[in-house]
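Participant: Please find one structure pasted underneath; my questions will follow.
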Amino acid sequence: MELRVLNYFLAIAREQSIVHAAESLHLSQPTLSTQIKGLEEELGKQLLIRGTKGSRKITLTEEGMILRKRAEEILDLVRRTENEITMSDDIVMGDVYIGTGETDGVRLIARAAQVLQTRHPGIHYHICSGNSAYVSEYMDKGLIDFGIVFGDVDLKKYNALETSYSETWGVLMRKDSVLAGLESITPDDLKDKPLILSQQESQGGSLTQWIGQEVSDLNIIATYNLLYNASLLVDEGLGYAMGYDKIINTSGNSRLCFRPLKPRLGNKMSIIWKKYQIFSKPAEKFLEVLRESLSQPKSTDES
């Protein structure tokens, strides 16, 4: 499987047309068709569904959609590798890739990046958002340099910098809900309520342990990857979303409010990277600044 042909395949997926893809690649249509047919024969799978005469639009088969995702990851990694190797020894510039979920703790990353920006303005930062499973997957594939996670870290796979920052669990609800008048939420308050949990917690985790019930006994009405989406479900009255504080703005005219859990449930934030990771120069400099900033006394807004 050649990188050149993967680029051809992605062009067709993007344009949804062999004709338009051939034009963008400056190839003849027969040449491009032959290359893609060879790729399908090599893999033993049909990748494209060609349109009929009435419609020339190209769609991807299930195998084609898998290849599109993997091809994008492969070519992105190739580009990053080329940039890192060809960069001059005397110049520190390039990209730092960070994977994280929704958290106010990203401010620690932003502060470190701002300090480093004054020293090396040629460094650029790319933040990829997703849950912890997403962060781990992208890190294991080498698509990100650092990940932000909460709770326990698999120290057999990753190195970690534990920060002073901790996220507080609570419940996001409408201000007119029956629980909104409480200052904090106990497990008993939630046992008969329609819950909206993160996909990770809905499989069983620290949150369901705090509630003290089996997942199957809870009224989990919906799950989410990003709390913003869950907040829309809450706003429409679907249920109570459990998540971290400071992610959704509940001030002003918002119809939502946040109540912490009692007893308190929190998770310390760690910045992780793969064991035996060989960093690019920008990532290496970024880690140095992270270590410097985390060794300094914490400010009150990070407690």
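A note on labels: chains of the structure tokens are A, B, ... as shown, every chain counts residues from 1, and ligands are counted from 1 in their shown order.
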If we count only C-alpha atoms and set the cut-off at 10 Å, which residues sit around region 122-134 of chain A, ignoring sequence neighbours fewer than 6 positions away in its own chain? Please answer as a ChimeraX atom specification.
Facilitator: /A:91-102,106,109-110,113,116,140,143-144,146-150,198-200,224-226,281-283,285-286
Participant: Any chance you could list, as a short mmCIF file (atom, residue, chain, number, x, y, z; two decimals) with C-alpha atoms, in the first residue's frame, the residues in region 202-263 of chain A that come up strand (DSSP E) when DSSP is run on the backbone?
Facilitator:
```cif
data_model
loop_
_atom_site.label_atom_id
_atom_site.label_comp_id
_atom_site.auth_asym_id
_atom_site.auth_seq_id
_atom_site.Cartn_x
_atom_site.Cartn_y
_atom_site.Cartn_z
CA ILE A 220 -29.31 6.03 32.60
CA ILE A 221 -31.38 7.77 29.97
CA ALA A 222 -28.49 8.98 27.78
CA THR A 223 -24.69 8.99 27.48
CA TYR A 224 -22.27 11.57 26.11
CA TYR A 240 -29.58 15.22 35.04
CA ALA A 241 -26.04 15.23 33.61
CA MET A 242 -23.15 14.23 35.82
CA GLY A 243 -19.82 15.78 34.98
CA TYR A 244 -17.08 18.17 35.99
CA LEU A 256 -28.93 25.53 34.11
CA CYS A 257 -27.18 25.23 37.46
CA PHE A 258 -24.45 22.98 38.86
CA ARG A 259 -24.45 21.29 42.26
CA PRO A 260 -21.40 19.45 43.70
#
```
Participant: Give me every alpha helix (DSSP H) residue in region 105-219 of chain A, going by DSSP on the backbone, as a CSV table (one decimal) with all heavy atoms, in the first residue's frame.
Facilitator:
```csv
chain,number,residue,atom,x,y,z
A,106,VAL,N,-7.1,22.9,31.2
A,106,VAL,CA,-6.4,23.2,30.0
A,106,VAL,C,-5.7,24.6,30.2
A,106,VAL,O,-4.7,24.9,29.5
A,106,VAL,CB,-7.4,23.3,28.8
A,106,VAL,CG1,-6.7,23.8,27.5
A,106,VAL,CG2,-7.8,21.8,28.4
A,107,ARG,N,-6.1,25.3,31.1
A,107,ARG,CA,-5.4,26.6,31.4
A,107,ARG,C,-4.0,26.4,31.8
A,107,ARG,O,-3.1,27.2,31.5
A,107,ARG,CB,-6.1,27.4,32.5
A,107,ARG,CG,-7.5,27.9,32.2
A,107,ARG,CD,-8.2,28.6,33.3
A,107,ARG,NE,-9.5,29.0,33.0
A,107,ARG,CZ,-9.9,30.1,32.3
A,107,ARG,NH1,-8.9,30.9,31.9
A,107,ARG,NH2,-11.1,30.4,32.1
A,108,LEU,N,-3.7,25.3,32.5
A,108,LEU,CA,-2.3,25.0,32.8
A,108,LEU,C,-1.4,24.8,31.5
A,108,LEU,O,-0.3,25.2,31.4
A,108,LEU,CB,-2.2,23.7,33.7
A,108,LEU,CG,-2.9,23.8,35.0
A,108,LEU,CD1,-2.7,22.4,35.8
A,108,LEU,CD2,-2.3,24.9,35.9
A,109,ILE,N,-2.0,24.1,30.5
A,109,ILE,CA,-1.4,23.9,29.3
A,109,ILE,C,-1.2,25.3,28.6
A,109,ILE,O,-0.1,25.6,28.0
A,109,ILE,CB,-2.2,23.0,28.4
A,109,ILE,CG1,-2.3,21.6,29.0
A,109,ILE,CG2,-1.6,22.9,27.0
A,109,ILE,CD1,-1.0,20.9,29.1
A,110,ALA,N,-2.2,26.1,28.6
A,110,ALA,CA,-2.2,27.4,27.9
A,110,ALA,C,-1.1,28.3,28.5
A,110,ALA,O,-0.4,29.0,27.8
A,110,ALA,CB,-3.6,28.1,28.0
A,111,ARG,N,-1.0,28.3,29.8
A,111,ARG,CA,0.0,29.1,30.5
A,111,ARG,C,1.4,28.7,30.1
A,111,ARG,O,2.3,29.5,29.9
A,111,ARG,CB,-0.2,29.0,32.0
A,111,ARG,CG,-1.4,29.8,32.5
A,111,ARG,CD,-1.8,29.4,33.9
A,111,ARG,NE,-3.1,29.9,34.2
A,111,ARG,CZ,-3.8,29.5,35.3
A,111,ARG,NH1,-3.3,28.6,36.1
A,111,ARG,NH2,-5.0,30.0,35.5
A,112,ALA,N,1.7,27.3,30.1
A,112,ALA,CA,3.0,26.8,29.7
A,112,ALA,C,3.3,27.2,28.2
A,112,ALA,O,4.4,27.6,27.9
A,112,ALA,CB,3.0,25.3,29.9
A,113,ALA,N,2.2,27.1,27.4
A,113,ALA,CA,2.4,27.4,26.0
A,113,ALA,C,2.7,28.9,25.8
A,113,ALA,O,3.5,29.3,24.9
A,113,ALA,CB,1.2,27.0,25.2
A,114,GLN,N,2.1,29.7,26.6
A,114,GLN,CA,2.3,31.2,26.5
A,114,GLN,C,3.8,31.5,26.9
A,114,GLN,O,4.4,32.3,26.2
A,114,GLN,CB,1.3,31.9,27.4
A,114,GLN,CG,1.3,33.4,27.1
A,114,GLN,CD,2.3,34.2,27.8
A,114,GLN,OE1,2.8,33.8,28.9
A,114,GLN,NE2,2.7,35.3,27.2
A,115,VAL,N,4.3,30.9,27.9
A,115,VAL,CA,5.7,31.1,28.3
A,115,VAL,C,6.6,30.7,27.2
A,115,VAL,O,7.6,31.4,26.9
A,115,VAL,CB,6.0,30.3,29.6
A,115,VAL,CG1,7.5,30.4,29.9
A,115,VAL,CG2,5.2,30.9,30.8
A,116,LEU,N,6.4,29.5,26.7
A,116,LEU,CA,7.2,29.0,25.6
A,116,LEU,C,7.1,29.8,24.3
A,116,LEU,O,8.1,29.9,23.6
A,116,LEU,CB,6.9,27.5,25.3
A,116,LEU,CG,7.8,26.7,24.4
A,116,LEU,CD1,9.3,26.7,25.0
A,116,LEU,CD2,7.4,25.3,24.3
A,117,GLN,N,6.0,30.4,24.1
A,117,GLN,CA,5.8,31.2,22.9
A,117,GLN,C,6.7,32.4,22.9
A,117,GLN,O,7.2,32.8,21.8
A,117,GLN,CB,4.3,31.6,22.8
A,117,GLN,CG,3.9,32.2,21.5
A,117,GLN,CD,3.8,31.2,20.4
A,117,GLN,OE1,3.9,30.0,20.6
A,117,GLN,NE2,3.6,31.6,19.1
A,118,THR,N,7.0,32.9,24.0
A,118,THR,CA,7.9,34.1,24.1
A,118,THR,C,9.4,33.7,23.8
A,118,THR,O,10.1,34.5,23.3
A,118,THR,CB,7.9,34.7,25.5
A,118,THR,OG1,8.3,33.8,26.5
A,118,THR,CG2,6.5,35.2,25.8
A,119,ARG,N,9.7,32.4,24.0
A,119,ARG,CA,11.0,31.9,23.8
A,119,ARG,C,11.2,31.4,22.3
A,119,ARG,O,12.2,31.6,21.7
A,119,ARG,CB,11.4,30.8,24.8
A,119,ARG,CG,11.3,31.2,26.2
A,119,ARG,CD,11.6,30.0,27.1
A,119,ARG,NE,11.3,30.3,28.5
A,119,ARG,CZ,11.3,29.4,29.5
A,119,ARG,NH1,11.7,28.2,29.2
A,119,ARG,NH2,11.0,29.7,30.7
A,132,SER,N,-11.3,10.0,27.7
A,132,SER,CA,-10.0,9.4,28.0
A,132,SER,C,-9.6,8.3,27.1
A,132,SER,O,-8.5,8.0,26.8
A,132,SER,CB,-10.0,8.9,29.5
A,132,SER,OG,-11.0,8.0,29.7
A,133,ALA,N,-10.6,7.5,26.6
A,133,ALA,CA,-10.4,6.4,25.7
A,133,ALA,C,-9.8,7.0,24.4
A,133,ALA,O,-8.9,6.4,23.8
A,133,ALA,CB,-11.7,5.7,25.4
A,134,TYR,N,-10.3,8.1,23.9
A,134,TYR,CA,-9.8,8.8,22.7
A,134,TYR,C,-8.4,9.2,22.9
A,134,TYR,O,-7.6,9.0,22.0
A,134,TYR,CB,-10.8,10.0,22.4
A,134,TYR,CG,-10.2,11.0,21.4
A,134,TYR,CD1,-10.5,10.8,20.0
A,134,TYR,CD2,-9.4,12.0,21.8
A,134,TYR,CE1,-10.1,11.8,19.1
A,134,TYR,CE2,-8.9,12.9,20.9
A,134,TYR,CZ,-9.3,12.8,19.5
A,134,TYR,OH,-8.8,13.7,18.6
A,135,VAL,N,-8.1,9.8,24.1
A,135,VAL,CA,-6.8,10.3,24.3
A,135,VAL,C,-5.8,9.2,24.3
A,135,VAL,O,-4.7,9.2,23.7
A,135,VAL,CB,-6.7,11.1,25.7
A,135,VAL,CG1,-5.3,11.4,26.1
A,135,VAL,CG2,-7.5,12.4,25.6
A,136,SER,N,-6.1,8.1,25.0
A,136,SER,CA,-5.2,6.9,25.0
A,136,SER,C,-5.0,6.3,23.7
A,136,SER,O,-3.9,5.9,23.3
A,136,SER,CB,-5.8,5.8,26.0
A,136,SER,OG,-5.9,6.3,27.3
A,137,GLU,N,-6.1,6.2,22.9
A,137,GLU,CA,-6.0,5.6,21.5
A,137,GLU,C,-5.0,6.5,20.7
A,137,GLU,O,-4.1,5.9,20.0
A,137,GLU,CB,-7.3,5.6,20.9
A,137,GLU,CG,-7.3,5.0,19.4
A,137,GLU,CD,-8.6,5.1,18.7
A,137,GLU,OE1,-9.6,5.5,19.4
A,137,GLU,OE2,-8.7,4.8,17.5
A,138,TYR,N,-5.2,7.8,20.7
A,138,TYR,CA,-4.4,8.7,19.8
A,138,TYR,C,-2.9,8.7,20.3
A,138,TYR,O,-2.0,8.8,19.5
A,138,TYR,CB,-5.0,10.1,19.8
A,138,TYR,CG,-5.9,10.3,18.7
A,138,TYR,CD1,-7.0,9.4,18.5
A,138,TYR,CD2,-5.7,11.3,17.7
A,138,TYR,CE1,-7.9,9.6,17.4
A,138,TYR,CE2,-6.6,11.4,16.6
A,138,TYR,CZ,-7.7,10.6,16.5
A,138,TYR,OH,-8.5,10.7,15.4
A,139,MET,N,-2.7,8.6,21.6
A,139,MET,CA,-1.4,8.5,22.2
A,139,MET,C,-0.7,7.2,21.8
A,139,MET,O,0.5,7.3,21.3
A,139,MET,CB,-1.4,8.7,23.7
A,139,MET,CG,0.0,8.7,24.3
A,139,MET,SD,0.0,9.4,25.9
A,139,MET,CE,-0.3,11.1,25.6
A,140,ASP,N,-1.4,6.1,21.9
A,140,ASP,CA,-0.8,4.8,21.5
A,140,ASP,C,-0.4,4.8,20.0
A,140,ASP,O,0.5,4.1,19.7
A,140,ASP,CB,-1.7,3.7,21.9
A,140,ASP,CG,-1.9,3.6,23.4
A,140,ASP,OD1,-1.1,4.1,24.1
A,140,ASP,OD2,-2.9,2.9,23.8
A,187,PRO,N,-26.0,10.5,47.0
A,187,PRO,CA,-26.4,9.4,46.2
A,187,PRO,C,-27.9,9.1,46.2
A,187,PRO,O,-28.5,8.8,45.2
A,187,PRO,CB,-25.6,8.2,46.8
A,187,PRO,CG,-24.4,8.9,47.4
A,187,PRO,CD,-24.8,10.2,47.9
A,188,ASP,N,-28.5,9.3,47.4
A,188,ASP,CA,-29.9,9.0,47.5
A,188,ASP,C,-30.8,10.0,46.7
A,188,ASP,O,-31.8,9.6,46.2
A,188,ASP,CB,-30.4,9.2,49.0
A,188,ASP,CG,-30.0,8.0,49.9
A,188,ASP,OD1,-29.7,6.9,49.3
A,188,ASP,OD2,-29.9,8.1,51.1
A,189,ASP,N,-30.2,11.2,46.4
A,189,ASP,CA,-31.0,12.1,45.6
A,189,ASP,C,-31.1,11.7,44.2
A,189,ASP,O,-32.0,12.1,43.5
A,189,ASP,CB,-30.3,13.5,45.6
A,189,ASP,CG,-30.3,14.2,47.0
A,189,ASP,OD1,-31.2,14.0,47.8
A,189,ASP,OD2,-29.3,14.8,47.3
A,190,LEU,N,-30.2,10.8,43.7
A,190,LEU,CA,-30.1,10.5,42.3
A,190,LEU,C,-30.7,9.1,42.0
A,190,LEU,O,-30.8,8.8,40.8
A,190,LEU,CB,-28.7,10.5,41.8
A,190,LEU,CG,-28.0,11.9,41.9
A,190,LEU,CD1,-26.5,11.8,41.6
A,190,LEU,CD2,-28.7,12.9,41.0
A,206,SER,N,-15.7,5.4,38.8
A,206,SER,CA,-15.7,6.0,40.2
A,206,SER,C,-17.0,6.7,40.5
A,206,SER,O,-17.5,6.7,41.6
A,206,SER,CB,-14.6,7.1,40.3
A,206,SER,OG,-14.8,8.1,39.2
A,207,LEU,N,-17.7,7.2,39.5
A,207,LEU,CA,-19.0,7.8,39.7
A,207,LEU,C,-20.1,6.8,40.1
A,207,LEU,O,-20.8,7.1,41.1
A,207,LEU,CB,-19.4,8.6,38.4
A,207,LEU,CG,-20.6,9.5,38.6
A,207,LEU,CD1,-20.4,10.5,39.6
A,207,LEU,CD2,-20.9,10.2,37.2
A,208,THR,N,-20.2,5.7,39.4
A,208,THR,CA,-21.2,4.7,39.8
A,208,THR,C,-20.9,4.1,41.1
A,208,THR,O,-21.8,3.7,41.9
A,208,THR,CB,-21.3,3.7,38.7
A,208,THR,OG1,-20.0,3.2,38.3
A,208,THR,CG2,-22.0,4.3,37.5
A,209,GLN,N,-19.6,4.0,41.4
A,209,GLN,CA,-19.2,3.5,42.8
A,209,GLN,C,-19.6,4.5,43.8
A,209,GLN,O,-20.1,4.1,44.9
A,209,GLN,CB,-17.7,3.3,42.8
A,209,GLN,CG,-17.2,2.1,42.0
A,209,GLN,CD,-15.6,2.0,42.0
A,209,GLN,OE1,-15.0,2.5,42.9
A,209,GLN,NE2,-15.1,1.4,41.0
A,210,TRP,N,-19.5,5.8,43.6
A,210,TRP,CA,-20.0,6.8,44.5
A,210,TRP,C,-21.5,6.7,44.8
A,210,TRP,O,-21.9,6.8,45.9
A,210,TRP,CB,-19.6,8.2,44.0
A,210,TRP,CG,-20.1,9.3,44.8
A,210,TRP,CD1,-19.5,9.9,45.9
A,210,TRP,CD2,-21.3,10.0,44.7
A,210,TRP,NE1,-20.2,10.9,46.4
A,210,TRP,CE2,-21.4,11.0,45.7
A,210,TRP,CE3,-22.4,9.9,43.8
A,210,TRP,CZ2,-22.5,11.8,45.8
A,210,TRP,CZ3,-23.5,10.7,43.9
A,210,TRP,CH2,-23.5,11.7,45.0
A,211,ILE,N,-22.2,6.4,43.7
A,211,ILE,CA,-23.7,6.3,43.9
A,211,ILE,C,-24.0,5.1,44.7
A,211,ILE,O,-25.0,5.1,45.4
A,211,ILE,CB,-24.4,6.3,42.5
A,211,ILE,CG1,-24.2,7.6,41.8
A,211,ILE,CG2,-25.8,6.0,42.6
A,211,ILE,CD1,-24.7,7.6,40.3
```
Participant: Env of Leu67 (chain A): 12 Å cut, atoms = only C-alpha atoms, seq-sep filter 3 positions within chain, self excluded. Answer as a PyMOL selection string.
Facilitator: chain A and resi 1+5-7+9-10+13+39-40+43+45-48+60-64+70-75
Participant: Would you output that residue set with N, CA, C and O atoms, as a compact mmCIF listing (two decimals), in the first residue's frame?
Facilitator:
```
# COMPACT_ATOMS: atom_id res chain seq x y z
N MET A 1 0.85 -1.19 0.00
CA MET A 1 0.00 0.00 0.00
C MET A 1 0.89 1.24 0.00
O MET A 1 1.65 1.48 0.93
N VAL A 5 -0.94 6.40 -3.26
CA VAL A 5 -2.27 5.90 -3.58
C VAL A 5 -3.25 6.23 -2.45
O VAL A 5 -4.43 6.49 -2.70
N LEU A 6 -2.78 6.25 -1.21
CA LEU A 6 -3.64 6.66 -0.11
C LEU A 6 -4.08 8.11 -0.30
O LEU A 6 -5.24 8.46 -0.01
N ASN A 7 -3.17 8.95 -0.77
CA ASN A 7 -3.54 10.34 -1.07
C ASN A 7 -4.61 10.40 -2.16
O ASN A 7 -5.54 11.21 -2.10
N PHE A 9 -6.81 8.08 -2.84
CA PHE A 9 -8.06 7.59 -2.26
C PHE A 9 -8.75 8.69 -1.43
O PHE A 9 -9.96 8.89 -1.52
N LEU A 10 -7.96 9.42 -0.63
CA LEU A 10 -8.53 10.48 0.19
C LEU A 10 -9.09 11.62 -0.67
O LEU A 10 -10.09 12.24 -0.31
N ALA A 13 -12.46 10.47 -1.73
CA ALA A 13 -13.38 10.53 -0.59
C ALA A 13 -13.79 11.97 -0.31
O ALA A 13 -14.94 12.24 0.05
N LEU A 39 -5.74 -0.71 -5.66
CA LEU A 39 -5.79 -0.68 -4.20
C LEU A 39 -6.86 -1.63 -3.69
O LEU A 39 -6.65 -2.37 -2.71
N GLU A 40 -8.02 -1.64 -4.34
CA GLU A 40 -9.10 -2.54 -3.94
C GLU A 40 -8.69 -4.00 -4.13
O GLU A 40 -8.98 -4.85 -3.28
N LEU A 43 -6.23 -5.01 -1.35
CA LEU A 43 -6.88 -5.23 -0.05
C LEU A 43 -7.95 -6.31 -0.10
O LEU A 43 -8.39 -6.81 0.94
N LYS A 45 -11.01 -5.88 -1.00
CA LYS A 45 -12.27 -5.31 -0.55
C LYS A 45 -12.68 -4.18 -1.49
O LYS A 45 -11.84 -3.43 -2.00
N GLN A 46 -13.99 -4.02 -1.69
CA GLN A 46 -14.50 -2.87 -2.42
C GLN A 46 -14.48 -1.67 -1.49
O GLN A 46 -14.96 -1.74 -0.35
N LEU A 47 -13.93 -0.56 -1.96
CA LEU A 47 -13.80 0.64 -1.13
C LEU A 47 -14.78 1.73 -1.53
O LEU A 47 -15.19 2.53 -0.69
N LEU A 48 -15.15 1.75 -2.82
CA LEU A 48 -16.01 2.80 -3.34
C LEU A 48 -17.26 2.21 -3.97
O LEU A 48 -17.22 1.13 -4.56
N LEU A 60 -18.51 5.80 0.08
CA LEU A 60 -17.58 4.83 0.61
C LEU A 60 -18.32 3.63 1.19
O LEU A 60 -19.37 3.77 1.80
N THR A 61 -17.75 2.45 0.98
CA THR A 61 -18.25 1.26 1.66
C THR A 61 -17.81 1.32 3.12
O THR A 61 -17.07 2.22 3.53
N GLU A 62 -18.25 0.37 3.91
CA GLU A 62 -17.83 0.33 5.31
C GLU A 62 -16.31 0.20 5.40
O GLU A 62 -15.66 0.86 6.21
N GLU A 63 -15.73 -0.65 4.53
CA GLU A 63 -14.27 -0.81 4.51
C GLU A 63 -13.60 0.48 4.04
O GLU A 63 -12.51 0.85 4.51
N GLY A 64 -14.26 1.19 3.11
CA GLY A 64 -13.72 2.46 2.63
C GLY A 64 -13.68 3.51 3.72
O GLY A 64 -12.73 4.29 3.82
N ARG A 70 -8.01 5.60 8.76
CA ARG A 70 -6.63 5.17 8.96
C ARG A 70 -5.67 5.90 8.03
O ARG A 70 -4.54 6.25 8.42
N ALA A 71 -6.08 6.15 6.81
CA ALA A 71 -5.21 6.84 5.85
C ALA A 71 -4.91 8.26 6.32
O ALA A 71 -3.78 8.74 6.20
N GLU A 72 -5.92 8.94 6.87
CA GLU A 72 -5.70 10.29 7.39
C GLU A 72 -4.70 10.27 8.54
O GLU A 72 -3.82 11.13 8.63
N GLU A 73 -4.82 9.26 9.42
CA GLU A 73 -3.89 9.14 10.54
C GLU A 73 -2.48 8.84 10.05
O GLU A 73 -1.49 9.42 10.53
N ILE A 74 -2.36 7.93 9.08
CA ILE A 74 -1.04 7.53 8.55
C ILE A 74 -0.35 8.71 7.90
O ILE A 74 0.83 9.00 8.16
N LEU A 75 -1.06 9.42 7.04
CA LEU A 75 -0.44 10.53 6.31
C LEU A 75 -0.11 11.70 7.23
O LEU A 75 0.88 12.39 7.02
```
Participant: CA of Asn253 (chain A) to CA of Leu182 (chain A): how many Å, to one decimal?
Facilitator: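 Computed distance, CA of Asn253 (chain A) to CA of Leu182 (chain A), equals 19.8 Å.
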